[in-house]
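**Student:** Coordinates in upload_21.txt, compact mmCIF, C-alpha atoms and all ligand atoms, are listed below.
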# COMPACT_ATOMS: atom_id res chain seq x y z
CA MET O 107 11.56 13.48 -1.40
CA PRO O 108 13.68 14.29 1.71
CA SER O 109 17.40 14.03 0.97
CA LEU O 110 19.69 11.30 2.29
CA LYS O 111 22.41 13.78 3.19
CA THR O 112 24.81 12.43 5.87
CA ARG O 113 23.11 8.98 5.80
CA ALA O 114 25.33 5.90 5.57
CA ALA O 115 23.97 3.21 3.24
CA LEU O 116 25.19 -0.30 2.48
CA ILE O 117 23.85 -1.98 -0.65
CA THR O 118 24.53 -5.65 -1.42
CA GLY O 119 24.95 -6.98 -4.95
CA ALA O 120 25.47 -3.36 -6.04
CA GLY O 121 28.04 -3.94 -8.77
CA ARG O 122 25.38 -3.97 -11.48
CA GLY O 123 21.65 -4.05 -12.22
CA ILE O 124 19.12 -2.86 -9.63
CA GLY O 125 21.71 -2.60 -6.82
CA ALA O 126 23.93 -0.31 -8.90
CA ALA O 127 20.95 1.92 -9.78
CA ILE O 128 20.03 2.16 -6.09
CA ALA O 129 23.62 3.06 -5.13
CA ARG O 130 23.65 5.80 -7.80
CA ALA O 131 20.30 7.22 -6.66
CA PHE O 132 21.26 7.23 -2.96
CA HIS O 133 24.60 8.85 -3.78
CA ARG O 134 22.86 11.52 -5.87
CA GLU O 135 20.66 12.31 -2.84
CA GLY O 136 23.74 12.90 -0.66
CA ALA O 137 24.24 9.52 1.06
CA HIS O 138 27.57 7.85 1.78
CA VAL O 139 27.31 4.55 -0.11
CA LEU O 140 29.13 1.33 0.62
CA ILE O 141 28.90 -0.60 -2.63
CA THR O 142 29.27 -4.29 -1.85
CA ASP O 143 29.25 -7.29 -4.17
CA ILE O 144 30.72 -10.78 -4.45
CA ASP O 145 32.32 -9.36 -7.60
CA LEU O 146 34.70 -6.79 -6.11
CA GLU O 147 35.82 -5.46 -9.49
CA SER O 148 32.32 -4.30 -10.47
CA ALA O 149 31.83 -2.70 -7.03
CA GLN O 150 35.17 -0.88 -7.30
CA LYS O 151 34.34 0.35 -10.79
CA LEU O 152 31.08 1.92 -9.63
CA ALA O 153 32.68 3.42 -6.48
CA ALA O 154 35.39 5.02 -8.64
CA GLU O 155 32.74 6.41 -11.00
CA LEU O 156 30.80 7.98 -8.10
CA GLY O 157 33.93 9.39 -6.41
CA ALA O 158 33.67 11.00 -2.96
CA ARG O 159 31.21 9.39 -0.50
CA ALA O 160 31.48 5.98 -2.23
CA GLU O 161 33.49 2.92 -1.14
CA ALA O 162 33.62 -0.65 -2.41
CA LEU O 163 33.78 -3.82 -0.35
CA ARG O 164 33.73 -7.49 -1.33
CA LEU O 165 30.85 -9.14 0.51
CA ASP O 166 29.39 -12.56 -0.27
CA VAL O 167 26.03 -12.21 1.48
CA GLY O 168 25.75 -15.95 2.14
CA GLU O 169 29.05 -16.00 4.05
CA GLU O 170 28.58 -15.26 7.76
CA GLU O 171 32.27 -14.36 8.10
CA ASP O 172 31.94 -11.63 5.45
CA TRP O 173 29.19 -9.95 7.51
CA ARG O 174 31.34 -10.30 10.65
CA ILE O 175 34.10 -8.40 8.83
CA ALA O 176 31.72 -5.82 7.35
CA GLU O 177 30.17 -4.85 10.71
CA PRO O 178 33.27 -3.29 12.38
CA HIS O 179 34.30 -1.87 8.99
CA VAL O 180 31.02 0.05 8.73
CA ARG O 181 31.23 1.11 12.37
CA ALA O 182 34.76 2.45 11.84
CA LEU O 183 33.69 4.34 8.70
CA HIS O 184 30.38 5.81 9.85
CA GLY O 185 29.84 4.92 13.53
CA GLY O 186 26.84 2.77 12.48
CA LEU O 187 24.46 2.39 9.57
CA ASP O 188 21.30 4.26 8.51
CA ILE O 189 20.21 2.26 5.44
CA LEU O 190 20.72 -1.34 4.32
CA VAL O 191 19.48 -2.61 0.98
CA ASN O 192 19.52 -6.41 0.84
CA ASN O 193 19.60 -6.53 -2.94
CA ALA O 194 21.92 -9.45 -3.83
CA GLY O 195 19.98 -12.33 -5.33
CA ILE O 196 20.32 -15.13 -7.86
CA THR O 197 17.81 -17.13 -9.90
CA GLY O 198 20.09 -20.17 -9.89
CA PHE O 199 19.77 -20.58 -13.68
CA LEU O 200 23.40 -19.65 -14.35
CA GLU O 201 24.92 -20.38 -10.95
CA THR O 202 23.52 -23.85 -10.24
CA GLU O 203 22.68 -27.06 -12.02
CA GLY O 204 19.15 -27.49 -13.39
CA PRO O 205 16.42 -28.46 -13.80
CA HIS O 206 14.75 -26.06 -11.36
CA ASP O 207 11.20 -27.40 -11.25
CA PRO O 208 9.67 -28.94 -8.10
CA GLU O 209 9.81 -32.48 -9.54
CA HIS O 210 13.45 -32.69 -10.67
CA PHE O 211 15.51 -30.07 -8.80
CA HIS O 212 18.87 -30.90 -7.20
CA LEU O 213 19.07 -30.32 -3.46
CA ALA O 214 22.48 -28.63 -3.85
CA SER O 215 20.98 -26.12 -6.30
CA TRP O 216 17.96 -25.50 -4.04
CA ARG O 217 20.30 -24.80 -1.12
CA ALA O 218 22.63 -22.58 -3.16
CA VAL O 219 19.72 -20.31 -4.15
CA HIS O 220 18.38 -20.10 -0.59
CA ARG O 221 21.91 -19.48 0.72
CA VAL O 222 22.14 -16.23 -1.21
CA ASN O 223 18.53 -15.03 -1.39
CA LEU O 224 17.35 -15.98 2.09
CA ASP O 225 20.31 -16.80 4.39
CA GLY O 226 22.26 -13.84 2.99
CA LEU O 227 19.34 -11.50 3.54
CA ALA O 228 18.70 -12.74 7.09
CA LEU O 229 22.39 -12.21 7.95
CA GLY O 230 22.15 -8.73 6.46
CA CYS O 231 19.10 -7.89 8.62
CA ARG O 232 20.86 -9.25 11.72
CA THR O 233 23.96 -7.14 11.06
CA ALA O 234 21.89 -4.05 10.29
CA ILE O 235 19.92 -4.29 13.54
CA ALA O 236 23.21 -4.22 15.49
CA LEU O 237 24.46 -1.24 13.46
CA MET O 238 21.19 0.73 13.49
CA LYS O 239 19.54 0.26 16.85
CA HIS O 240 21.34 3.18 18.51
CA ARG O 241 20.91 5.54 15.54
CA ARG O 242 18.21 8.19 15.14
CA ALA O 243 16.48 6.04 12.51
CA GLY O 244 17.28 3.01 10.39
CA ALA O 245 15.75 1.65 7.19
CA ILE O 246 16.17 -1.90 5.89
CA ILE O 247 14.96 -2.56 2.34
CA ASN O 248 14.68 -6.14 1.18
CA LEU O 249 14.48 -7.12 -2.47
CA SER O 250 11.78 -9.74 -2.80
CA SER O 251 9.94 -10.39 -6.07
CA ARG O 252 6.51 -10.97 -7.53
CA SER O 253 7.90 -14.55 -7.83
CA GLY O 254 7.50 -14.68 -4.06
CA VAL O 255 3.76 -14.07 -4.38
CA VAL O 256 2.82 -16.46 -7.20
CA GLY O 257 4.13 -19.94 -7.98
CA ILE O 258 6.89 -20.26 -10.59
CA PRO O 259 6.95 -23.84 -11.96
CA GLY O 260 10.37 -23.47 -13.63
CA ALA O 261 12.13 -21.73 -10.71
CA ALA O 262 10.99 -23.45 -7.52
CA ALA O 263 13.88 -22.44 -5.26
CA TYR O 264 13.85 -18.82 -6.46
CA ALA O 265 10.10 -18.51 -5.82
CA SER O 266 10.38 -20.19 -2.41
CA SER O 267 13.25 -17.96 -1.30
CA GLN O 268 11.48 -14.77 -2.43
CA ALA O 269 8.32 -15.72 -0.54
CA ALA O 270 10.44 -16.26 2.57
CA VAL O 271 12.09 -12.87 2.05
CA ARG O 272 8.68 -11.19 1.94
CA ASN O 273 7.68 -12.75 5.25
CA HIS O 274 11.06 -12.25 6.95
CA THR O 275 10.56 -8.55 6.19
CA ARG O 276 7.39 -8.60 8.32
CA THR O 277 9.16 -10.50 11.11
CA VAL O 278 12.07 -8.06 11.24
CA ALA O 279 9.67 -5.09 11.14
CA LEU O 280 7.60 -6.41 14.05
CA TYR O 281 10.66 -7.48 16.05
CA CYS O 282 12.24 -4.02 15.77
CA ALA O 283 8.97 -2.28 16.69
CA GLN O 284 8.54 -4.63 19.66
CA GLN O 285 12.07 -3.93 20.89
CA GLY O 286 11.57 -0.18 20.55
CA TYR O 287 14.33 0.04 17.94
CA PRO O 288 13.96 2.98 15.50
CA ILE O 289 14.32 0.61 12.54
CA ARG O 290 11.80 0.17 9.72
CA CYS O 291 11.97 -2.86 7.42
CA ASN O 292 10.13 -2.96 4.09
CA ALA O 293 10.26 -4.99 0.88
CA LEU O 294 10.28 -4.20 -2.82
CA LEU O 295 8.63 -6.72 -5.15
CA PRO O 296 9.80 -6.05 -8.70
CA ALA O 297 9.06 -8.08 -11.81
CA ALA O 298 10.38 -7.85 -15.36
CA ILE O 299 13.12 -5.31 -14.69
CA LEU O 300 15.64 -5.48 -17.53
CA THR O 301 19.03 -6.28 -15.95
CA PRO O 302 21.80 -8.83 -16.62
CA MET O 303 19.78 -11.28 -14.46
CA TRP O 304 17.58 -11.83 -17.51
CA ASP O 305 20.47 -12.91 -19.77
CA ALA O 306 20.13 -16.57 -18.80
CA MET O 307 16.46 -16.51 -19.84
CA LEU O 308 16.84 -14.36 -22.97
CA GLY O 309 20.07 -15.72 -24.41
CA ASP O 310 22.08 -13.64 -26.84
CA GLY O 311 21.02 -15.31 -30.04
CA PRO O 312 18.78 -13.94 -32.81
CA GLN O 313 15.67 -14.90 -30.78
CA ARG O 314 16.52 -12.45 -27.97
CA GLU O 315 14.47 -9.54 -29.37
CA ALA O 316 11.48 -11.80 -30.06
CA VAL O 317 11.54 -13.19 -26.49
CA LEU O 318 11.85 -9.65 -25.07
CA THR O 319 8.83 -8.53 -27.09
CA GLU O 320 6.84 -11.57 -26.01
CA ILE O 321 7.57 -11.04 -22.30
CA ALA O 322 6.85 -7.31 -22.53
CA ALA O 323 3.49 -8.09 -24.16
CA GLY O 324 2.58 -10.11 -21.05
CA VAL O 325 3.08 -7.09 -18.79
CA PRO O 326 -0.11 -4.99 -18.49
CA MET O 327 1.91 -1.80 -19.06
CA GLY O 328 3.43 -3.43 -22.15
CA ARG O 329 7.11 -3.00 -21.31
CA PHE O 330 9.96 -4.02 -19.02
CA GLY O 331 10.73 -1.81 -16.03
CA THR O 332 14.11 -0.14 -15.53
CA PRO O 333 16.51 -0.44 -12.56
CA GLU O 334 16.09 3.34 -12.07
CA GLU O 335 12.35 2.89 -11.51
CA VAL O 336 13.11 0.41 -8.72
CA ALA O 337 15.72 2.83 -7.32
CA GLN O 338 13.07 5.56 -6.99
CA ALA O 339 10.96 3.29 -4.79
CA ALA O 340 14.03 2.32 -2.74
CA LEU O 341 14.74 6.02 -2.25
CA PHE O 342 11.23 6.51 -0.88
CA LEU O 343 11.54 3.57 1.55
CA ALA O 344 15.00 4.73 2.68
CA SER O 345 13.94 8.31 3.35
CA ASP O 346 11.82 9.96 6.04
CA ALA O 347 9.04 10.25 3.42
CA SER O 348 8.04 6.69 4.43
CA SER O 349 8.51 7.19 8.19
CA TYR O 350 5.22 5.45 9.15
CA MET O 351 5.77 2.41 6.90
CA THR O 352 7.17 -0.85 8.18
CA GLY O 353 6.57 -4.48 7.22
CA THR O 354 5.07 -3.47 3.88
CA GLY O 355 5.87 -4.57 0.33
CA LEU O 356 5.72 -2.37 -2.76
CA ASP O 357 4.93 -4.01 -6.10
CA LEU O 358 6.96 -2.70 -9.05
CA ASP O 359 5.69 -4.89 -11.85
CA GLY O 360 3.90 -2.82 -14.49
CA GLY O 361 0.60 -4.18 -13.17
CA ILE O 362 1.34 -7.93 -13.33
CA LEU O 363 0.09 -8.67 -9.82
CA ALA O 364 -2.99 -6.54 -10.39
CA GLY O 365 -4.33 -9.47 -12.40
CA ALA O 366 -3.10 -9.58 -15.97
CA GLU O 367 -5.43 -12.46 -16.84
CA ALA O 368 -8.51 -10.43 -15.94
CA ALA O 369 -7.37 -7.30 -17.77
CA PRO O 370 -9.12 -6.24 -20.98
CA GLY O 371 -6.89 -6.47 -24.06
CA ARG O 372 -4.52 -3.62 -24.75
CA ARG O 373 -5.28 -1.55 -27.83
CA GLU O 374 -2.52 -1.97 -30.44
N1 LIG O 401 15.51 -8.08 -12.56
C1 LIG O 401 14.29 -8.45 -12.21
O1 LIG O 401 13.38 -8.56 -13.06
C2 LIG O 401 13.96 -8.78 -10.78
C3 LIG O 401 12.64 -9.13 -10.47
C4 LIG O 401 12.32 -9.43 -9.17
C5 LIG O 401 13.27 -9.39 -8.17
N2 LIG O 401 14.56 -9.06 -8.50
C6 LIG O 401 15.53 -9.05 -7.40
O2 LIG O 401 16.29 -7.86 -7.42
C7 LIG O 401 17.62 -8.12 -6.96
C8 LIG O 401 18.64 -7.59 -7.96
O3 LIG O 401 18.38 -8.21 -9.21
P1 LIG O 401 19.12 -7.78 -10.56
O4 LIG O 401 18.14 -8.03 -11.64
O5 LIG O 401 19.77 -6.47 -10.44
O6 LIG O 401 20.23 -8.95 -10.63
P2 LIG O 401 21.68 -9.00 -11.35
O7 LIG O 401 21.94 -10.44 -11.59
O8 LIG O 401 21.73 -8.08 -12.51
O9 LIG O 401 22.66 -8.45 -10.21
C9 LIG O 401 22.84 -9.16 -9.02
C10 LIG O 401 24.11 -8.72 -8.35
O10 LIG O 401 24.27 -9.53 -7.16
C11 LIG O 401 25.60 -10.00 -7.07
N3 LIG O 401 25.64 -11.24 -6.30
C12 LIG O 401 25.32 -12.49 -6.68
N4 LIG O 401 25.53 -13.36 -5.69
C13 LIG O 401 26.00 -12.64 -4.63
C14 LIG O 401 26.41 -12.97 -3.32
N5 LIG O 401 26.41 -14.24 -2.88
N6 LIG O 401 26.81 -11.97 -2.51
C15 LIG O 401 26.84 -10.69 -2.95
N7 LIG O 401 26.50 -10.32 -4.18
C16 LIG O 401 26.08 -11.29 -5.01
C17 LIG O 401 26.05 -10.16 -8.51
O11 LIG O 401 27.47 -10.15 -8.61
C18 LIG O 401 25.37 -8.96 -9.19
O12 LIG O 401 26.21 -7.81 -9.15
C19 LIG O 401 17.70 -9.64 -6.74
O13 LIG O 401 17.51 -9.92 -5.38
C20 LIG O 401 16.54 -10.18 -7.56
O14 LIG O 401 16.05 -11.40 -7.08
C21 LIG O 401 14.93 -8.76 -9.77
What is this file in structure tokens?
**Tutor:**
Amino acid sequence: MPSLKTRAALITGAGRGIGAAIARAFHREGAHVLITDIDLESAQKLAAELGARAEALRLDVGEEEDWRIAEPHVRALHGGLDILVNNAGITGFLETEGPHDPEHFHLASWRAVHRVNLDGLALGCRTAIALMKHRRAGAIINLSSRSGVVGIPGAAAYASSQAAVRNHTRTVALYCAQQGYPIRCNALLPAAILTPMWDAMLGDGPQREAVLTEIAAGVPMGRFGTPEEVAQAALFLASDASSYMTGTGLDLDGGILAGAEAAPGRRE
């Protein structure tokens, strides 16, 4: 894998989970990382742990003003941007009022989920285009989900927003190619990656282990994925190793989208 030496990368929602793993991997490969999150404390903690070539910034992706502040900040630090990972995302289970099915959802909850997952990501792409179009090369990586490919009865807004993210990735990719900008835009579609996002679904009671085992059994590979496994794919999409890829989506789901229902039973 080509290194990311001298590249400037901004990662949203990077205080924990997948975003933090991506920041660590990029930093290890030599990039300057701007660790952003709505939770400044977690971003600062990670930046301090990484040391040189790492800075923290509070950025609520759904807030246009925060992106307006981030843009000149990045320009002053690095003269532009080489890599953006639009990673921040919420299910809405903890942050908004339920239920979240298509029959009973609250409009305010629906909008709150789209505000972060879709509006926030579109603002990130817009800002990145301005910061990348005069660089040698730019890479935008959008976190979508397998929930954007199949219907999710209990998480209607999350599924809708992730489907929109997948398609906005294609739009941004084509737009940049059309304009002659040296910017590639690709998506990652993870599923069942064990991060704090799952806490709302797993709980912390005695049933947690049983639920974990049950979900893992539904994954063809028989286990949850790790944030580091997603980070490896992000590294590939950020680097020159993927220089002819734009508008694509990579599934990171242990085989779920390959057709779990049609798969022969796993041997115990
Ligand atoms: N974990 C999975 O199984 C999985 C599966 C598919 C897709 N994803 C996607 O991957 C991304 C990261 O997921 P994760 O599991 O690491 O989640 P997580 O909940 O562990 O971490 C999300 C991070 O985003 C931050 N955040 C929340 N709202 C924000 C906002 N408005 N602005 C900026 N930051 C904000 C949080 O503070 C947190 O640090 C999300 O977009 C998610 O939809 C995750």
**Student:** Grab the atom CA of Met327 of chain O to atom O13 of ligand LIG 401 (chain O) distance for me, in Å with one decimal place.
**Tutor:**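 One can read the atom CA of Met327 of chain O to atom O13 of ligand LIG 401 (chain O) distance as 22.3 Å.
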**Student:** Given the choices O:Val256, O:Ile144, O:Cys282, O:Ala153, which gets closest to ligand LIG 401 (chain O) if the distance is worked out from all atoms listed in the file?
**Tutor:** O:Ile144
**Student:** Within 8 Å of ligand LIG 401 (chain O), counting only C-alpha atoms and all ligand atoms, which protein or nucleic acid residues do you find, written as a short mmCIF file (atom, residue, chain, number, x, y, z; two decimals) with C-alpha atoms, in the coordinates of the input?
**Tutor:**
data_model
loop_
_atom_site.label_atom_id
_atom_site.label_comp_id
_atom_site.auth_asym_id
_atom_site.auth_seq_id
_atom_site.Cartn_x
_atom_site.Cartn_y
_atom_site.Cartn_z
CA THR O 118 24.53 -5.65 -1.42
CA GLY O 119 24.95 -6.98 -4.95
CA ALA O 120 25.47 -3.36 -6.04
CA GLY O 121 28.04 -3.94 -8.77
CA ARG O 122 25.38 -3.97 -11.48
CA GLY O 123 21.65 -4.05 -12.22
CA ILE O 124 19.12 -2.86 -9.63
CA GLY O 125 21.71 -2.60 -6.82
CA ALA O 126 23.93 -0.31 -8.90
CA THR O 142 29.27 -4.29 -1.85
CA ASP O 143 29.25 -7.29 -4.17
CA ILE O 144 30.72 -10.78 -4.45
CA ASP O 145 32.32 -9.36 -7.60
CA SER O 148 32.32 -4.30 -10.47
CA ALA O 149 31.83 -2.70 -7.03
CA ARG O 164 33.73 -7.49 -1.33
CA LEU O 165 30.85 -9.14 0.51
CA ASP O 166 29.39 -12.56 -0.27
CA VAL O 167 26.03 -12.21 1.48
CA GLY O 168 25.75 -15.95 2.14
CA GLU O 169 29.05 -16.00 4.05
CA ASN O 192 19.52 -6.41 0.84
CA ASN O 193 19.60 -6.53 -2.94
CA ALA O 194 21.92 -9.45 -3.83
CA GLY O 195 19.98 -12.33 -5.33
CA ILE O 196 20.32 -15.13 -7.86
CA THR O 197 17.81 -17.13 -9.90
CA ARG O 221 21.91 -19.48 0.72
CA VAL O 222 22.14 -16.23 -1.21
CA ASN O 223 18.53 -15.03 -1.39
CA GLY O 226 22.26 -13.84 2.99
CA LEU O 249 14.48 -7.12 -2.47
CA SER O 250 11.78 -9.74 -2.80
CA SER O 251 9.94 -10.39 -6.07
CA ARG O 252 6.51 -10.97 -7.53
CA SER O 253 7.90 -14.55 -7.83
CA TYR O 264 13.85 -18.82 -6.46
CA GLN O 268 11.48 -14.77 -2.43
CA LEU O 295 8.63 -6.72 -5.15
CA PRO O 296 9.80 -6.05 -8.70
CA ALA O 297 9.06 -8.08 -11.81
CA ALA O 298 10.38 -7.85 -15.36
CA ILE O 299 13.12 -5.31 -14.69
CA LEU O 300 15.64 -5.48 -17.53
CA THR O 301 19.03 -6.28 -15.95
CA PRO O 302 21.80 -8.83 -16.62
CA MET O 303 19.78 -11.28 -14.46
CA TRP O 304 17.58 -11.83 -17.51
CA GLY O 331 10.73 -1.81 -16.03
CA PRO O 333 16.51 -0.44 -12.56
#
**Student:** Name the closest residue to Ile289 of chain O among the candidates O:Ala218, O:Ile247, O:Met238, O:Val255; distances are taken between atoms, counting only C-alpha atoms.
**Tutor:** O:Met238
**Student:** Which one is closest to Ala127 of chain O: O:Ser109, O:Gln284, O:Thr319, O:Gln338? Count only C-alpha atoms.
**Tutor:** O:Gln338
**Student:** Taking into account only C-alpha atoms, which residue in the set O:Ala243, O:Ala158, O:Ala337, O:Gly355 is nearest to Val271 of chain O?
**Tutor:**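 Ranking O:Ala243, O:Ala158, O:Ala337, O:Gly355 by distance to Val271 of chain O, first place goes to O:Gly355.
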